[in-house]
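Trainee: Once you've had a glance at the structure underneath, I'll fire off some questions.
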Amino acid sequence: MFENSPVEQYNFQGLPFFLKRDDLLSKEFSGNKARKLYYYLENNFPNIDTVISYGSAQSNSMYSISVLAKLKGWKFDYYVDHIADYLKSNPHGNYEKSLGNGMNIHEGSIDKNSIDSNMLFIEEGGANDYAAYGVELLAKEIIDWKSQNSLDEVNVFLPSGTGTTALFLSRYFKLNKIDVEVYTTPCVGDVKYLQKQFSLLADDISLYPTILESSKKFHFGKLYKENYKIWIELQQQTGVEYDLLYDPIGWQVLVENKELFSTQLLYIHQGGLIGNESMLPRYKRKFDEK
Ligand SMILES: *Cc1c(COP(=O)(O)O)cnc(C)c1O
């Protein structure tokens with residue numbers, strides 16, 4: 001359904017790169033989570049009438065599942081630890097849009113015993129084996145693009161949360177002996193956390209992506225002046241809007257490791273722009289001159 005996102009060519013701080021525009025896959029259902037949830041979109045589940053997941057009250061995953069549920073006519077129950085009072089009284093971003101799609105949000109934890117055969121349970125961030133289905137379609141699009149453009153070697157870079165996307169991409173290229181190296185960096189947790197996430201999805205470490213680490217430690221969802229700055233510069237130099245949670249960390253790491261990317265670099269734009277509706281006002285309040 002949402003295949004073949006375009007590849008465009010840009011330059012950032014003297015580093016030439018190709019950009020895989022997964023943010024353009026569809027208006028509603030775009031980016032990383034469209035790839036990871038594609039299996040559910042493409043297949044029929046006659047016995048399912050409810051989808052259940054959990055995570056944060058502003059997550060991209062929550063929003064994408066709300067779109068999926070709406071398309072499928074499923075009920076969507078989503079569990080969060082806590083919803084900030086500010087968000088409750090002033091709904092915006094992924095939270096507002098998910099409610100608009102009919103999501104039922106619950107504060108508290110899921111009772112796993114209450115999950116019945118009519119219910120589909122999706123892990124936080126969509127991290128499960130079914131994600132491989134859509135991520136491998138992405139891998140195939142990259143392979144087609146590489147051969148159409150007669151590129152011998154390609155380095156793919158994408159920032160990681162659960163690491164599911166980077167891992168399944170890398171696994172596919174390596175198992176099929178394609179000359180594409182996948183690089184990533186952890187945005188949630190540290191290198192150890194990311195390696196642990198990989199190991200939950202695949203045993204063979206020879207199939208894992210290469211992890212690069214930023215020299216500075218960033219905490220997920222916190223605001224950093226240098227991340228805001230690089231996000232603005234990216235937009236100025238490429239004319240493309242990036243997400244504020246993952247992409248600034250990814251680009252800090254890329255800029256620090258420029259020498260590794262002298263061969264063709266393909267950066268994956270994984271969407272997440274609705275999340276900017278909540279992140280950008282926070283950044284503006286904190287760092288813009290009054
Ligand atoms: C979810 C998400 C990621 C992280 O994907 P993982 O497969 O969990 O590593 C990166 N960027 C954006 C915009 C996302 O929404």
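For the structure tokens, the naming scheme is as follows: chains receive sequential letters (A, B, ...) according to their order of presentation, residues are indexed from 1 within each chain, and ligands are indexed from 1 in presentation order.
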Enumerate as a PyMOL selection string the residues within 7 Å of ligand 1, counting only C-alpha atoms and all ligand atoms.
Mentor: chain A and resi 31-33+60-61+125+127+159-166+243+246+270-272
Trainee: Limited to C-alpha atoms, could you put the picked residues into a file as a short mmCIF file (atom, residue, chain, number, x, y, z; two decimals), in the first residue's frame?
Mentor:
data_model
loop_
_atom_site.label_atom_id
_atom_site.label_comp_id
_atom_site.auth_asym_id
_atom_site.auth_seq_id
_atom_site.Cartn_x
_atom_site.Cartn_y
_atom_site.Cartn_z
CA GLY A 31 7.57 6.88 8.80
CA ASN A 32 9.00 4.27 11.03
CA LYS A 33 5.75 3.05 12.60
CA ASN A 60 4.57 8.13 17.75
CA SER A 61 3.75 4.46 18.11
CA GLY A 125 7.20 0.96 20.16
CA ALA A 127 9.11 -3.97 18.81
CA PRO A 159 18.71 6.71 14.82
CA SER A 160 17.26 4.00 17.10
CA GLY A 161 14.68 3.78 19.85
CA THR A 162 14.00 0.08 20.36
CA GLY A 163 16.49 -0.68 17.56
CA THR A 164 13.93 -2.88 15.79
CA THR A 165 14.14 -1.08 12.45
CA ALA A 166 17.95 -0.87 12.33
CA ASP A 243 11.71 15.01 14.03
CA TYR A 246 15.63 11.15 17.24
CA GLN A 270 11.52 8.01 9.83
CA GLY A 271 8.75 10.57 10.16
CA GLY A 272 7.49 11.48 13.64
#
Trainee: From a DSSP pass on the backbone, collect the residues of region 48-105 of chain A flagged as strand (DSSP E) and hand them back as a VMD selection string.
Mentor: chain A and resid 50 to 54 75 to 80 104 to 105
Trainee: Go ahead and dump the residues you just picked, C-alpha atoms, as a PDB file, in the first residue's frame.
Mentor:
ATOM      1  CA  THR A  50      -9.426  -4.782  19.770  1.00  0.00           C
ATOM      2  CA  VAL A  51      -5.781  -3.710  19.763  1.00  0.00           C
ATOM      3  CA  ILE A  52      -3.882  -3.118  22.992  1.00  0.00           C
ATOM      4  CA  SER A  53      -0.562  -1.402  23.574  1.00  0.00           C
ATOM      5  CA  TYR A  54       1.293   0.735  26.112  1.00  0.00           C
ATOM      6  CA  LYS A  75     -11.207  -0.672  19.420  1.00  0.00           C
ATOM      7  CA  PHE A  76      -7.878   0.684  20.745  1.00  0.00           C
ATOM      8  CA  ASP A  77      -6.984   0.467  24.429  1.00  0.00           C
ATOM      9  CA  TYR A  78      -3.707   2.164  25.340  1.00  0.00           C
ATOM     10  CA  TYR A  79      -2.032   2.107  28.751  1.00  0.00           C
ATOM     11  CA  VAL A  80       0.239   4.809  30.149  1.00  0.00           C
ATOM     12  CA  ASN A 104      -9.260   4.789  24.883  1.00  0.00           C
ATOM     13  CA  ILE A 105      -6.394   5.804  27.148  1.00  0.00           C
TER      14      ILE A 105
END
Trainee: So which one's closest to Phe121 (chain A), A:Ile211, A:Phe12, A:Asp49, A:Ile178? Using only C-alpha atoms, please.
Mentor: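 Once distances to Phe121 (chain A) are computed over only C-alpha atoms, the minimum belongs to A:Asp49.
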Trainee: Please provide as a count of residues only all residues within 9 Å of Pro16 (chain A), with the sequence filter that same-chain residues fewer than 4 positions apart are discarded (counting only C-alpha atoms).
Mentor: 7
Trainee: Residues at most 9 Å from Gly102 (chain A), counting only C-alpha atoms, excluding those fewer than 3 positions away in the same chain, as a list in words?
Mentor: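 Here the qualifying residues turn out to be Ser66, Ala69, Lys70, Lys75, Phe76, Lys97, Ser98 and Leu99 of chain A.
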Trainee: CA of Thr238 (chain A) and CA of Leu138 (chain A), how far apart in Å?
Mentor: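 Answer for the CA of Leu138 (chain A) to CA of Thr238 (chain A) separation: 22.6 Å.
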Trainee: Counting only C-alpha atoms, what is within 9 Å of Gly189 (chain A), bar same-chain residues fewer than 3 positions away, as a list in words?
Mentor: Gly161, Pro186, Lys192, Tyr193, Leu194, Phe218, His219 and Phe220 of chain A
Trainee: For N, CA, C and O atoms, I'd like the residues from the last selection saved as a short mmCIF file (atom, residue, chain, number, x, y, z; two decimals), in the first residue's frame.
Mentor:
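Once everything was written out, this is result-v1.cif:
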data_model
loop_
_atom_site.label_atom_id
_atom_site.label_comp_id
_atom_site.auth_asym_id
_atom_site.auth_seq_id
_atom_site.Cartn_x
_atom_site.Cartn_y
_atom_site.Cartn_z
N GLY A 161 15.36 3.82 18.55
CA GLY A 161 14.68 3.78 19.85
C GLY A 161 14.81 2.36 20.37
O GLY A 161 15.76 2.03 21.07
N PRO A 186 22.00 4.89 19.73
CA PRO A 186 20.89 4.82 20.67
C PRO A 186 20.39 6.21 21.06
O PRO A 186 21.19 7.07 21.40
N LYS A 192 24.60 -0.31 25.70
CA LYS A 192 24.24 -1.59 26.32
C LYS A 192 22.75 -1.88 26.17
O LYS A 192 22.34 -3.00 25.88
N TYR A 193 21.94 -0.86 26.41
CA TYR A 193 20.49 -1.02 26.27
C TYR A 193 20.14 -1.43 24.84
O TYR A 193 19.34 -2.35 24.62
N LEU A 194 20.77 -0.77 23.87
CA LEU A 194 20.44 -1.05 22.47
C LEU A 194 20.87 -2.48 22.09
O LEU A 194 20.13 -3.20 21.42
N PHE A 218 22.70 12.01 25.91
CA PHE A 218 21.40 12.68 25.84
C PHE A 218 20.35 11.80 26.50
O PHE A 218 20.33 10.60 26.29
N HIS A 219 19.47 12.41 27.27
CA HIS A 219 18.35 11.65 27.86
C HIS A 219 17.13 11.83 26.98
O HIS A 219 16.79 12.95 26.61
N PHE A 220 16.47 10.73 26.71
CA PHE A 220 15.37 10.74 25.74
C PHE A 220 14.26 11.71 26.16
O PHE A 220 13.80 11.68 27.30
#
Trainee: Can you tell me how far CA of Ser89 (chain A) sits from CA of Leu245 (chain A), in Å to one decimal?
Mentor: 23.4 Å
Trainee: Would you list, as a ChimeraX atom specification, the residues of region 47-185 of chain A that end up in alpha helix (DSSP H) under DSSP run on this structure's backbone?
Mentor: /A:60-72,85-89,93-100,131-148,164-175
Trainee: Quick one: pull the distance between CA of Thr210 (chain A) and CA of Glu256 (chain A), Å, one decimal.
Mentor: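 Spanning CA of Thr210 (chain A) to CA of Glu256 (chain A) is a straight-line distance of 15.2 Å.
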Trainee: Could you name the residues that touch His82 (chain A) at 9 Å or less, counting only C-alpha atoms, but leaving out those on the same chain fewer than 6 positions away, as number ranges by chain?
Mentor: A: 56-57, 106-108
Trainee: Which residue is closest to Thr185 (chain A)? Choose from A:Gly239, A:Gly134, A:Pro209, A:Gly14 and count only C-alpha atoms.
Mentor: A:Pro209
Trainee: Check the smallest atom-to-atom distance from each of A:Leu207, A:Val135, A:Ile65, A:Cys187 to Ser170 (chain A) using only C-alpha atoms, then report the winner.
Mentor: A:Leu207
Trainee: Given the choices A:Phe18, A:Trp231, A:Phe45, A:Tyr183, which gets closest to Lys146 (chain A) if the distance is worked out from only C-alpha atoms?
Mentor: A:Phe18
